[in-house]
Amino acid sequence: MLIEIRAADDRLRGPKAVDAAPILTSAYKAAVDSPVDLSRLRLICDYIQYRHNFRDAVELRRVGSWNIEPDTAGSEGESWEVAIDLRRARPELIDTVVKQALSEDGACERLALEGWGAGSRSLIWGFNSLYWKALSLWEQSTGKGYESALPGGESDARNVEAAHELIQRLFSLWDDLAARRALPEELYVLELGVGNGNQARVFLDELRRLDRERGRGYYRRLHYLMGDYSPHVLELARKAVAHHGEHISSLALDALRPTETLGFLRYKAFLVYISNVYDNLPTDEIVRIGGHLFQVETRAVLSQADADALAASVNAASHELPDLIARLLRLGPELLAEVEQEHFPNTSDAVAFWRKAWEGLRLEERYVPLVELDTYVVAPEVGGELLRPIVEANGDVRMHISNGAAASFADTLPLLHPHGVLLCHDLFVTDIHQYLNGFRGPGKYDGSVVNWVNGRLLGAIGSRRGFDVSFAPFAYRAGANVMTMTARARD
Ligand SMILES: C[S@@+](CC[C@H](N)C(=O)[O-])C[C@H]1O[C@@H](n2cnc3c(N)ncnc32)[C@H](O)[C@@H]1O
């Protein structure tokens with residue numbers, strides 16, 4: 001039996017420490033008393049810092065045998081992983097839960113809302129995009145703005161000091177190019193994933209102020225492009241920067257494929273700014289166990305108790321929930337209320353249903369052998385072989401692949417002017433060791449998903465394409481987990 005604890009030092013000792021010993025003892029005893037082959041059992045303990053997340057305090061995962069076809073369930077050679085959240089597990093309950101999970105009947109019943117598949121294809125991403133598309137309905141219903149769920153309670157994107165420094169650097173680049181008569185007439189800045197437009201407002205206000213002070217006329221030549229996939233969010237952002245009307249354009253686009261909409265911008269953007277977006281894009285995870293690689297497959301589920309309560313709240317039977325939830329994600333709450341009057345007399349009923357479904361949502365996981373890493377596709381034009389040195393350099397590890405961030409990053413680099421910079425504030429893992437001493441997602445931020453981003457992979461993608469990619473702690477908020485990633489073409 002293997003027991004692994006993946007928690008930060010200050011969760012295991014010192015004033016913030018969790019009392020892990022009774023939890024471990026209890027889990028160990030329950031495992032020893034169970035009928036499972038202990039040589040095929042792993043007890044993995046995380047400290048899940050996200051108060052809302054997709055796991056119960058104890059979860060069971062099947063680890064497929066590495067030598068057989070992935071779908072041959074129940075075959076010889078498979079093993080098990082019991083995942084324990086040290087923050088929520090109670091020693092007096094763990095014995096029962098672990099025993100139940102490892103008993104012949106298996107874990108308690110849950111209602112599956114989808115089939116098994118790669119994490120990046122889970123319906124949690126449908127919930128995530130619905131959140132941004134119907135943000136006003138969600139915020140009305142909770143009475144909270146989305147920024148309150150971000151690290152630090154507000155977006156670092158609106159930090160004036162950070163914007164000021166960034167613009168100073170941009171001005172000195174433009175001054176240099178102007179001195180060499182190499183500065184184009186049109187000065188393009190692109191922001192992806194604009195949220196409520198606060199960053200855009202701070203940036204544009206500050207740029208105009210500094211330009212007035214210096215009298216270079218850059219503001220007059222500036223085009224600030226705001227891209228987002230939520231029309232609602234774009235409308236909010238447009239209002240926030242309405243006073244810069246002639247200098248802004250808003251574009252509905254998928255951040256995973258910016259060149260599809262922004263082909264005209266190729267080699268022209270002096271700055272691409274992205275904050276708190278990469279951690280909100282779909283991702284797969286892989287696990288290395290005993291040197292073998294597995295893909296984490298997931299499926300969204302509700303506990304039977306939550307499913308029964310949710311179904312009863314909308315006058316439905318629980319077996320109707322997968323279909324009702326699929327319709328909610330496709331149509332949104334307003335339209336759903338129109339077409340499903342018997343279940344949702346008003347939009348607010350559909351929003352309440354959405355919130356309850358989201359709250360109860362859990363992800364079951366299983367590990368499926370990933371036999372050919374080279375045939376795994378991280379993102380369009382980013383092959384799995386790029387992962388090999390990252391995943392193999394550090395022994396056994398479970399890590400995010402950050403497929404959405406990888407796709408977005410690789411497809412944004414071609415938009416940069418040869419002297420342009422891509423700047424990204426986000427939660428990055430920059431040393432794979434960080435996966436061994438902390439939980440990196442997924443967590444729930446209000447109605448959206450958060451996963452830390454595999455910075456090592458983005459570094460490798462940039463490097464292959466001739467870009468230097470560097471990471472530094474976000475300099476303008478003490479104790480922040482947020483990092484600043486900078487990518488620019490190699491000289
Ligand atoms: C957490 S908010 C960040 C907003 C803002 N940048 C900030 O830091 O406050 C994430 C933003 O990314 C947008 N977004 C998420 N996935 C996207 C995608 N695939 N394409 C375009 N926009 C996306 C959301 O609509 C939302 O505006």
# chains A, B, ... in the order shown; residues from 1 in each chain; ligands from 1

$ residues_near_ligand --ligand "ligand 1" --cutoff "6 Å" --atoms "only C-alpha atoms and all ligand atoms" --output "list in words"
Trp132, Ser155, Ala157, Gly193, Val194, Gly195, Asp228, Tyr229, Ser230, Val233, Leu253, Asp254, Ala255, Leu256, Ser275, Asn276, Val277, Asn280 and Leu281 of chain A

$ write_last_selection --atoms "all heavy atoms" --output "compact mmCIF listing (two decimals), in the first residue's frame"
# COMPACT_ATOMS: atom_id res chain seq x y z
N TRP A 132 -20.47 32.58 -17.71
CA TRP A 132 -20.05 33.86 -18.30
C TRP A 132 -21.12 34.42 -19.23
O TRP A 132 -21.31 35.62 -19.31
CB TRP A 132 -18.72 33.70 -19.03
CG TRP A 132 -17.62 33.34 -18.07
CD1 TRP A 132 -16.93 32.16 -18.02
CD2 TRP A 132 -17.11 34.14 -17.00
NE1 TRP A 132 -16.03 32.17 -16.98
CE2 TRP A 132 -16.13 33.39 -16.34
CE3 TRP A 132 -17.41 35.42 -16.52
CZ2 TRP A 132 -15.43 33.87 -15.23
CZ3 TRP A 132 -16.71 35.90 -15.42
CH2 TRP A 132 -15.74 35.13 -14.79
N SER A 155 -9.92 41.59 -9.07
CA SER A 155 -9.00 41.21 -10.13
C SER A 155 -7.73 42.06 -10.07
O SER A 155 -7.81 43.28 -9.94
CB SER A 155 -9.67 41.38 -11.48
OG SER A 155 -8.73 41.15 -12.49
N ALA A 157 -6.14 42.62 -12.47
CA ALA A 157 -6.13 43.31 -13.76
C ALA A 157 -6.36 44.81 -13.59
O ALA A 157 -5.98 45.61 -14.43
CB ALA A 157 -7.21 42.72 -14.65
N GLY A 193 -10.46 37.75 -22.93
CA GLY A 193 -11.18 37.42 -21.69
C GLY A 193 -11.32 38.66 -20.82
O GLY A 193 -10.70 38.76 -19.76
N VAL A 194 -12.18 39.60 -21.24
CA VAL A 194 -12.14 40.94 -20.66
C VAL A 194 -12.93 41.10 -19.36
O VAL A 194 -12.79 42.10 -18.67
CB VAL A 194 -12.64 42.00 -21.66
CG1 VAL A 194 -11.65 42.18 -22.78
CG2 VAL A 194 -14.02 41.63 -22.22
N GLY A 195 -13.79 40.12 -19.06
CA GLY A 195 -14.59 40.27 -17.83
C GLY A 195 -15.39 41.56 -17.87
O GLY A 195 -15.92 41.95 -18.92
N ASP A 228 -13.82 38.28 -26.16
CA ASP A 228 -14.40 37.40 -25.15
C ASP A 228 -15.47 36.55 -25.84
O ASP A 228 -16.00 36.95 -26.87
CB ASP A 228 -15.05 38.22 -24.02
CG ASP A 228 -15.15 37.44 -22.72
OD1 ASP A 228 -16.00 36.53 -22.63
OD2 ASP A 228 -14.35 37.73 -21.80
N TYR A 229 -15.78 35.37 -25.26
CA TYR A 229 -16.83 34.56 -25.89
C TYR A 229 -18.20 34.84 -25.33
O TYR A 229 -19.17 34.25 -25.78
CB TYR A 229 -16.50 33.07 -25.88
CG TYR A 229 -16.50 32.33 -24.54
CD1 TYR A 229 -16.29 30.95 -24.55
CD2 TYR A 229 -16.69 32.95 -23.32
CE1 TYR A 229 -16.27 30.22 -23.37
CE2 TYR A 229 -16.66 32.23 -22.13
CZ TYR A 229 -16.45 30.88 -22.16
OH TYR A 229 -16.43 30.16 -20.98
N SER A 230 -18.28 35.73 -24.35
CA SER A 230 -19.58 36.01 -23.78
C SER A 230 -20.07 37.38 -24.25
O SER A 230 -19.51 38.42 -23.88
CB SER A 230 -19.49 36.01 -22.25
OG SER A 230 -20.57 36.72 -21.70
N VAL A 233 -20.64 39.70 -21.30
CA VAL A 233 -19.43 40.27 -20.72
C VAL A 233 -18.88 41.38 -21.63
O VAL A 233 -18.46 42.44 -21.15
CB VAL A 233 -18.41 39.12 -20.53
CG1 VAL A 233 -17.00 39.62 -20.51
CG2 VAL A 233 -18.71 38.34 -19.25
N LEU A 253 -15.20 36.15 -29.61
CA LEU A 253 -14.26 35.15 -30.13
C LEU A 253 -13.99 34.10 -29.06
O LEU A 253 -14.24 34.31 -27.88
CB LEU A 253 -12.95 35.80 -30.57
CG LEU A 253 -12.18 36.67 -29.60
CD1 LEU A 253 -11.41 35.88 -28.58
CD2 LEU A 253 -11.19 37.53 -30.38
N ASP A 254 -13.47 32.97 -29.53
CA ASP A 254 -13.07 31.91 -28.61
C ASP A 254 -11.59 32.08 -28.34
O ASP A 254 -10.77 32.04 -29.26
CB ASP A 254 -13.37 30.54 -29.24
CG ASP A 254 -13.16 29.41 -28.25
OD1 ASP A 254 -12.54 29.64 -27.19
OD2 ASP A 254 -13.63 28.30 -28.54
N ALA A 255 -11.25 32.26 -27.07
CA ALA A 255 -9.84 32.48 -26.71
C ALA A 255 -8.97 31.28 -27.08
O ALA A 255 -7.74 31.39 -27.13
CB ALA A 255 -9.72 32.76 -25.21
N LEU A 256 -9.59 30.13 -27.36
CA LEU A 256 -8.81 28.96 -27.76
C LEU A 256 -8.31 29.10 -29.20
O LEU A 256 -7.36 28.44 -29.60
CB LEU A 256 -9.66 27.69 -27.66
CG LEU A 256 -9.59 26.91 -26.35
CD1 LEU A 256 -9.93 27.77 -25.16
CD2 LEU A 256 -10.48 25.70 -26.39
N SER A 275 -5.72 38.16 -18.33
CA SER A 275 -5.62 37.91 -16.89
C SER A 275 -6.76 37.03 -16.40
O SER A 275 -7.93 37.24 -16.77
CB SER A 275 -5.54 39.22 -16.10
OG SER A 275 -6.78 39.63 -15.68
N ASN A 276 -6.41 36.06 -15.59
CA ASN A 276 -7.39 35.14 -14.99
C ASN A 276 -8.26 34.45 -16.04
O ASN A 276 -9.46 34.25 -15.82
CB ASN A 276 -8.30 35.89 -14.00
CG ASN A 276 -7.52 36.49 -12.87
OD1 ASN A 276 -6.66 35.84 -12.29
ND2 ASN A 276 -7.80 37.74 -12.55
N VAL A 277 -7.69 34.13 -17.17
CA VAL A 277 -8.44 33.44 -18.23
C VAL A 277 -7.91 32.03 -18.43
O VAL A 277 -8.68 31.06 -18.47
CB VAL A 277 -8.38 34.22 -19.56
CG1 VAL A 277 -9.14 33.48 -20.66
CG2 VAL A 277 -8.95 35.62 -19.40
N ASN A 280 -9.17 29.32 -16.47
CA ASN A 280 -10.60 29.11 -16.66
C ASN A 280 -10.89 28.34 -17.95
O ASN A 280 -12.02 28.25 -18.38
CB ASN A 280 -11.26 30.51 -16.68
CG ASN A 280 -12.76 30.48 -16.61
OD1 ASN A 280 -13.44 31.08 -17.43
ND2 ASN A 280 -13.30 29.77 -15.66
N LEU A 281 -9.82 27.79 -18.57
CA LEU A 281 -10.00 27.08 -19.84
C LEU A 281 -9.89 25.57 -19.61
O LEU A 281 -9.19 25.12 -18.69
CB LEU A 281 -8.94 27.55 -20.86
CG LEU A 281 -9.00 29.04 -21.22
CD1 LEU A 281 -7.87 29.41 -22.19
CD2 LEU A 281 -10.34 29.42 -21.83

$ select_by_dssp --residues "region 155-334 of chain A" --states "helix (DSSP H, G or I)" --output "PyMOL selection string"
chain A and resi 156-158+160-179+198-214+218-221+231-240+242-247+258-265+278-280+304-313+318-334

$ write_last_selection --atoms "C-alpha atoms" --output "mmCIF file, in the first residue's frame"
data_model
loop_
_atom_site.group_PDB
_atom_site.id
_atom_site.type_symbol
_atom_site.label_atom_id
_atom_site.label_comp_id
_atom_site.auth_asym_id
_atom_site.auth_seq_id
_atom_site.Cartn_x
_atom_site.Cartn_y
_atom_site.Cartn_z
ATOM 1 C CA ASP A 156 -5.322 42.143 -10.263
ATOM 2 C CA ALA A 157 -6.127 43.313 -13.759
ATOM 3 C CA ARG A 158 -7.316 46.633 -12.343
ATOM 4 C CA VAL A 160 -3.165 50.963 -11.520
ATOM 5 C CA GLU A 161 0.497 50.676 -10.585
ATOM 6 C CA ALA A 162 0.885 47.541 -12.711
ATOM 7 C CA ALA A 163 -0.823 49.251 -15.659
ATOM 8 C CA HIS A 164 1.368 52.321 -15.223
ATOM 9 C CA GLU A 165 4.593 50.323 -15.423
ATOM 10 C CA LEU A 166 3.380 48.305 -18.360
ATOM 11 C CA ILE A 167 2.493 51.444 -20.308
ATOM 12 C CA GLN A 168 5.867 53.040 -19.511
ATOM 13 C CA ARG A 169 7.568 49.991 -21.058
ATOM 14 C CA LEU A 170 5.270 50.134 -24.060
ATOM 15 C CA PHE A 171 6.002 53.840 -24.542
ATOM 16 C CA SER A 172 9.735 53.309 -24.442
ATOM 17 C CA LEU A 173 9.431 50.553 -27.081
ATOM 18 C CA TRP A 174 7.317 52.857 -29.248
ATOM 19 C CA ASP A 175 9.806 55.710 -28.713
ATOM 20 C CA ASP A 176 12.647 53.436 -29.902
ATOM 21 C CA LEU A 177 10.755 52.285 -32.958
ATOM 22 C CA ALA A 178 9.641 55.842 -33.755
ATOM 23 C CA ALA A 179 13.265 57.022 -33.573
ATOM 24 C CA ASN A 198 -12.054 46.996 -15.404
ATOM 25 C CA GLN A 199 -8.583 46.184 -16.742
ATOM 26 C CA ALA A 200 -9.382 47.837 -20.064
ATOM 27 C CA ARG A 201 -10.632 50.947 -18.273
ATOM 28 C CA VAL A 202 -7.586 51.228 -15.997
ATOM 29 C CA PHE A 203 -5.219 50.627 -18.907
ATOM 30 C CA LEU A 204 -6.887 53.101 -21.273
ATOM 31 C CA ASP A 205 -7.359 55.823 -18.636
ATOM 32 C CA GLU A 206 -3.721 55.524 -17.618
ATOM 33 C CA LEU A 207 -2.411 55.405 -21.178
ATOM 34 C CA ARG A 208 -4.360 58.521 -22.122
ATOM 35 C CA ARG A 209 -3.149 60.348 -19.002
ATOM 36 C CA LEU A 210 0.507 59.461 -19.573
ATOM 37 C CA ASP A 211 0.280 60.267 -23.250
ATOM 38 C CA ARG A 212 -1.133 63.707 -22.466
ATOM 39 C CA GLU A 213 1.760 64.278 -20.073
ATOM 40 C CA ARG A 214 4.346 63.249 -22.645
ATOM 41 C CA TYR A 218 0.166 57.475 -29.057
ATOM 42 C CA TYR A 219 -3.360 57.504 -27.637
ATOM 43 C CA ARG A 220 -4.669 58.932 -30.917
ATOM 44 C CA ARG A 221 -3.160 55.979 -32.799
ATOM 45 C CA PRO A 231 -21.669 38.707 -25.495
ATOM 46 C CA HIS A 232 -22.942 39.731 -22.074
ATOM 47 C CA VAL A 233 -19.429 40.268 -20.722
ATOM 48 C CA LEU A 234 -18.430 42.189 -23.852
ATOM 49 C CA GLU A 235 -21.385 44.495 -23.353
ATOM 50 C CA LEU A 236 -20.303 45.145 -19.750
ATOM 51 C CA ALA A 237 -16.753 45.848 -20.888
ATOM 52 C CA ARG A 238 -17.926 48.142 -23.679
ATOM 53 C CA LYS A 239 -19.865 50.214 -21.155
ATOM 54 C CA ALA A 240 -16.867 50.370 -18.798
ATOM 55 C CA ALA A 242 -17.423 53.884 -23.393
ATOM 56 C CA HIS A 243 -15.466 57.114 -22.794
ATOM 57 C CA HIS A 244 -12.681 55.713 -25.031
ATOM 58 C CA GLY A 245 -15.246 54.939 -27.744
ATOM 59 C CA GLU A 246 -13.140 55.642 -30.839
ATOM 60 C CA HIS A 247 -10.240 53.535 -29.644
ATOM 61 C CA PRO A 258 -7.955 33.824 -31.548
ATOM 62 C CA THR A 259 -6.491 33.809 -35.083
ATOM 63 C CA GLU A 260 -9.827 32.563 -36.431
ATOM 64 C CA THR A 261 -11.290 36.020 -35.758
ATOM 65 C CA LEU A 262 -8.133 38.113 -35.562
ATOM 66 C CA GLY A 263 -6.257 37.000 -38.675
ATOM 67 C CA PHE A 264 -5.892 40.667 -39.651
ATOM 68 C CA LEU A 265 -3.841 41.259 -36.505
ATOM 69 C CA TYR A 278 -6.020 30.543 -18.759
ATOM 70 C CA ASP A 279 -7.026 29.080 -15.391
ATOM 71 C CA ASN A 280 -10.603 29.111 -16.661
ATOM 72 C CA GLN A 304 -28.450 10.368 -5.249
ATOM 73 C CA ALA A 305 -29.623 12.542 -2.330
ATOM 74 C CA ASP A 306 -28.747 15.764 -4.187
ATOM 75 C CA ALA A 307 -30.283 14.431 -7.391
ATOM 76 C CA ASP A 308 -33.545 13.538 -5.619
ATOM 77 C CA ALA A 309 -33.754 16.957 -3.950
ATOM 78 C CA LEU A 310 -32.915 18.785 -7.177
ATOM 79 C CA ALA A 311 -35.444 16.816 -9.198
ATOM 80 C CA ALA A 312 -38.171 17.334 -6.568
ATOM 81 C CA SER A 313 -37.491 21.097 -6.575
ATOM 82 C CA SER A 318 -34.222 12.250 -10.964
ATOM 83 C CA HIS A 319 -33.697 10.203 -14.138
ATOM 84 C CA GLU A 320 -34.833 13.305 -16.092
ATOM 85 C CA LEU A 321 -31.975 15.384 -14.689
ATOM 86 C CA PRO A 322 -29.251 14.556 -17.245
ATOM 87 C CA ASP A 323 -31.553 15.741 -20.002
ATOM 88 C CA LEU A 324 -32.774 18.846 -18.133
ATOM 89 C CA ILE A 325 -29.199 19.829 -17.302
ATOM 90 C CA ALA A 326 -28.078 19.287 -20.897
ATOM 91 C CA ARG A 327 -30.939 21.552 -22.011
ATOM 92 C CA LEU A 328 -30.027 24.182 -19.422
ATOM 93 C CA LEU A 329 -26.460 24.267 -20.728
ATOM 94 C CA ARG A 330 -27.611 24.454 -24.339
ATOM 95 C CA LEU A 331 -30.411 27.001 -23.969
ATOM 96 C CA GLY A 332 -29.561 29.032 -20.871
ATOM 97 C CA PRO A 333 -32.026 29.712 -18.026
ATOM 98 C CA GLU A 334 -34.266 32.205 -19.833
#

$ residues_around --residues "Asp10 (chain A)" --least-positions-apart "4" --cutoff "12 Å" --atoms "only C-alpha atoms" --output "list of chain:residue names"
A:Arg6, A:Gly14, A:Pro15, A:Lys16, A:Ala17, A:Val18, A:Asp19, A:Tyr47, A:Asn437, A:Gly438

$ write_last_selection --atoms "N, CA, C and O atoms" --output "compact mmCIF listing (two decimals), in the first residue's frame"
# COMPACT_ATOMS: atom_id res chain seq x y z
N ARG A 6 -0.08 15.14 -0.26
CA ARG A 6 0.33 16.23 -1.13
C ARG A 6 -0.17 17.55 -0.56
O ARG A 6 -1.12 18.13 -1.07
N GLY A 14 2.77 23.69 12.21
CA GLY A 14 2.57 25.11 12.49
C GLY A 14 1.11 25.41 12.79
O GLY A 14 0.28 24.50 12.84
N PRO A 15 0.80 26.71 13.00
CA PRO A 15 -0.53 27.08 13.50
C PRO A 15 -1.68 26.73 12.56
O PRO A 15 -2.81 26.54 13.00
N LYS A 16 -1.41 26.65 11.23
CA LYS A 16 -2.52 26.36 10.30
C LYS A 16 -2.63 24.86 9.99
O LYS A 16 -3.38 24.45 9.11
N ALA A 17 -1.85 24.05 10.69
CA ALA A 17 -1.77 22.62 10.34
C ALA A 17 -3.09 21.90 10.59
O ALA A 17 -3.83 22.24 11.51
N VAL A 18 -3.36 20.92 9.75
CA VAL A 18 -4.52 20.07 9.95
C VAL A 18 -4.03 18.85 10.74
O VAL A 18 -2.86 18.46 10.60
N ASP A 19 -4.88 18.29 11.58
CA ASP A 19 -4.46 17.13 12.36
C ASP A 19 -4.64 15.87 11.49
O ASP A 19 -5.70 15.24 11.51
N TYR A 47 -4.90 18.47 0.46
CA TYR A 47 -5.60 19.48 1.24
C TYR A 47 -6.25 20.39 0.20
O TYR A 47 -5.57 21.16 -0.48
N ASN A 437 3.06 19.21 -3.64
CA ASN A 437 2.83 19.78 -2.31
C ASN A 437 1.64 20.73 -2.26
O ASN A 437 1.60 21.63 -1.43
N GLY A 438 0.67 20.50 -3.13
CA GLY A 438 -0.53 21.33 -3.06
C GLY A 438 -1.55 20.88 -4.08
O GLY A 438 -1.21 20.20 -5.05

$ closest_residue --among "A:Gly404, A:Ala317, A:Ala357, A:Leu422" --to "His343 (chain A)" --atoms "only C-alpha atoms"
A:Ala317

$ closest_residue --among "A:Lys99, A:Arg362, A:Arg257, A:Arg42" --to "Gly443 (chain A)" --atoms "only C-alpha atoms"
A:Arg362

$ atom_distance --atom1 "CA of Gln100 (chain A)" --atom2 "CA of Glu297 (chain A)"
22.3 Å

$ select_by_dssp --residues "region 41-224 of chain A" --states "strand (DSSP E or B)" --output "PyMOL selection string"
chain A and resi 41-46+53+58-63+79-85+110-112+117-118+187-192+222-224

$ write_last_selection --atoms "N, CA and C atoms" --output "JSON list (two decimals), in the first residue's frame"
[["chain", "number", "residue", "atom", "x", "y", "z"],
["A", 41, "LEU", "N", -3.18, -0.80, -3.77],
["A", 41, "LEU", "CA", -3.97, 0.30, -3.20],
["A", 41, "LEU", "C", -3.09, 1.51, -2.90],
["A", 42, "ARG", "N", -3.60, 2.67, -3.28],
["A", 42, "ARG", "CA", -2.91, 3.93, -2.95],
["A", 42, "ARG", "C", -3.87, 4.79, -2.14],
["A", 43, "LEU", "N", -3.38, 5.37, -1.06],
["A", 43, "LEU", "CA", -4.18, 6.36, -0.33],
["A", 43, "LEU", "C", -3.54, 7.72, -0.60],
["A", 44, "ILE", "N", -4.27, 8.58, -1.30],
["A", 44, "ILE", "CA", -3.70, 9.87, -1.70],
["A", 44, "ILE", "C", -4.41, 10.98, -0.93],
["A", 45, "CYS", "N", -3.66, 11.73, -0.16],
["A", 45, "CYS", "CA", -4.27, 12.78, 0.67],
["A", 45, "CYS", "C", -3.92, 14.16, 0.12],
["A", 46, "ASP", "N", -4.94, 14.93, -0.20],
["A", 46, "ASP", "CA", -4.75, 16.32, -0.61],
["A", 46, "ASP", "C", -5.33, 17.23, 0.47],
["A", 53, "ASN", "N", -15.77, 22.62, -4.45],
["A", 53, "ASN", "CA", -14.97, 21.86, -5.44],
["A", 53, "ASN", "C", -15.79, 20.67, -5.91],
["A", 58, "VAL", "N", -14.01, 11.89, 0.60],
["A", 58, "VAL", "CA", -13.33, 10.64, 0.23],
["A", 58, "VAL", "C", -13.86, 10.20, -1.13],
["A", 59, "GLU", "N", -12.96, 9.88, -2.03],
["A", 59, "GLU", "CA", -13.36, 9.42, -3.37],
["A", 59, "GLU", "C", -12.57, 8.16, -3.70],
["A", 60, "LEU", "N", -13.18, 7.30, -4.52],
["A", 60, "LEU", "CA", -12.49, 6.09, -4.95],
["A", 60, "LEU", "C", -12.24, 6.16, -6.46],
["A", 61, "ARG", "N", -11.04, 5.77, -6.90],
["A", 61, "ARG", "CA", -10.73, 5.78, -8.34],
["A", 61, "ARG", "C", -10.19, 4.44, -8.77],
["A", 62, "ARG", "N", -10.65, 3.99, -9.91],
["A", 62, "ARG", "CA", -10.10, 2.76, -10.45],
["A", 62, "ARG", "C", -8.89, 3.11, -11.30],
["A", 63, "VAL", "N", -7.81, 2.37, -11.10],
["A", 63, "VAL", "CA", -6.61, 2.59, -11.91],
["A", 63, "VAL", "C", -6.52, 1.40, -12.87],
["A", 79, "SER", "N", -5.94, -1.53, -10.22],
["A", 79, "SER", "CA", -5.74, -1.21, -8.81],
["A", 79, "SER", "C", -6.63, -0.03, -8.43],
["A", 80, "TRP", "N", -6.49, 0.42, -7.21],
["A", 80, "TRP", "CA", -7.42, 1.42, -6.69],
["A", 80, "TRP", "C", -6.68, 2.56, -6.01],
["A", 81, "GLU", "N", -7.32, 3.70, -6.07],
["A", 81, "GLU", "CA", -6.78, 4.85, -5.36],
["A", 81, "GLU", "C", -7.91, 5.41, -4.51],
["A", 82, "VAL", "N", -7.64, 5.62, -3.24],
["A", 82, "VAL", "CA", -8.60, 6.30, -2.39],
["A", 82, "VAL", "C", -8.07, 7.72, -2.18],
["A", 83, "ALA", "N", -8.88, 8.70, -2.57],
["A", 83, "ALA", "CA", -8.44, 10.10, -2.46],
["A", 83, "ALA", "C", -9.14, 10.73, -1.25],
["A", 84, "ILE", "N", -8.35, 11.32, -0.39],
["A", 84, "ILE", "CA", -8.88, 11.90, 0.86],
["A", 84, "ILE", "C", -8.58, 13.39, 0.89],
["A", 85, "ASP", "N", -9.59, 14.18, 1.21],
["A", 85, "ASP", "CA", -9.36, 15.62, 1.40],
["A", 85, "ASP", "C", -9.11, 15.86, 2.89],
["A", 110, "ARG", "N", -24.51, 7.22, -7.21],
["A", 110, "ARG", "CA", -24.57, 8.58, -7.72],
["A", 110, "ARG", "C", -25.24, 8.55, -9.08],
["A", 111, "LEU", "N", -25.78, 9.70, -9.46],
["A", 111, "LEU", "CA", -26.43, 9.79, -10.77],
["A", 111, "LEU", "C", -25.43, 10.40, -11.77],
["A", 112, "ALA", "N", -25.09, 9.62, -12.78],
["A", 112, "ALA", "CA", -24.14, 10.12, -13.78],
["A", 112, "ALA", "C", -24.87, 11.06, -14.75],
["A", 117, "GLY", "N", -14.96, 10.46, -19.93],
["A", 117, "GLY", "CA", -14.19, 11.09, -21.01],
["A", 117, "GLY", "C", -13.07, 11.94, -20.44],
["A", 118, "ALA", "N", -12.25, 12.48, -21.32],
["A", 118, "ALA", "CA", -11.15, 13.34, -20.88],
["A", 118, "ALA", "C", -11.72, 14.55, -20.13],
["A", 187, "LEU", "N", -1.48, 51.44, -33.63],
["A", 187, "LEU", "CA", -0.88, 50.76, -32.47],
["A", 187, "LEU", "C", -1.93, 49.85, -31.84],
["A", 188, "TYR", "N", -1.72, 48.54, -32.00],
["A", 188, "TYR", "CA", -2.74, 47.58, -31.55],
["A", 188, "TYR", "C", -2.39, 46.96, -30.19],
["A", 189, "VAL", "N", -3.41, 46.93, -29.33],
["A", 189, "VAL", "CA", -3.32, 46.19, -28.07],
["A", 189, "VAL", "C", -4.54, 45.28, -28.04],
["A", 190, "LEU", "N", -4.32, 44.03, -27.63],
["A", 190, "LEU", "CA", -5.43, 43.06, -27.58],
["A", 190, "LEU", "C", -5.58, 42.56, -26.16],
["A", 191, "GLU", "N", -6.81, 42.50, -25.68],
["A", 191, "GLU", "CA", -7.06, 41.84, -24.41],
["A", 191, "GLU", "C", -8.00, 40.66, -24.63],
["A", 192, "LEU", "N", -7.63, 39.50, -24.12],
["A", 192, "LEU", "CA", -8.49, 38.31, -24.25],
["A", 192, "LEU", "C", -9.15, 38.02, -22.91],
["A", 222, "LEU", "N", -4.03, 54.59, -31.02],
["A", 222, "LEU", "CA", -4.25, 53.31, -30.33],
["A", 222, "LEU", "C", -5.57, 52.63, -30.73],
["A", 223, "HIS", "N", -5.46, 51.30, -30.96],
["A", 223, "HIS", "CA", -6.67, 50.47, -31.13],
["A", 223, "HIS", "C", -6.65, 49.41, -30.04],
["A", 224, "TYR", "N", -7.61, 49.46, -29.15],
["A", 224, "TYR", "CA", -7.68, 48.48, -28.07],
["A", 224, "TYR", "C", -8.78, 47.48, -28.41]]

$ residues_around --residues "Met483 (chain A)" --least-positions-apart "2" --cutoff "7 Å" --atoms "only C-alpha atoms" --output "PyMOL selection string"
chain A and resi 425-428+471-474+481+485

$ atom_distance --atom1 "CA of Leu293 (chain A)" --atom2 "CA of Ala20 (chain A)"
28.8 Å
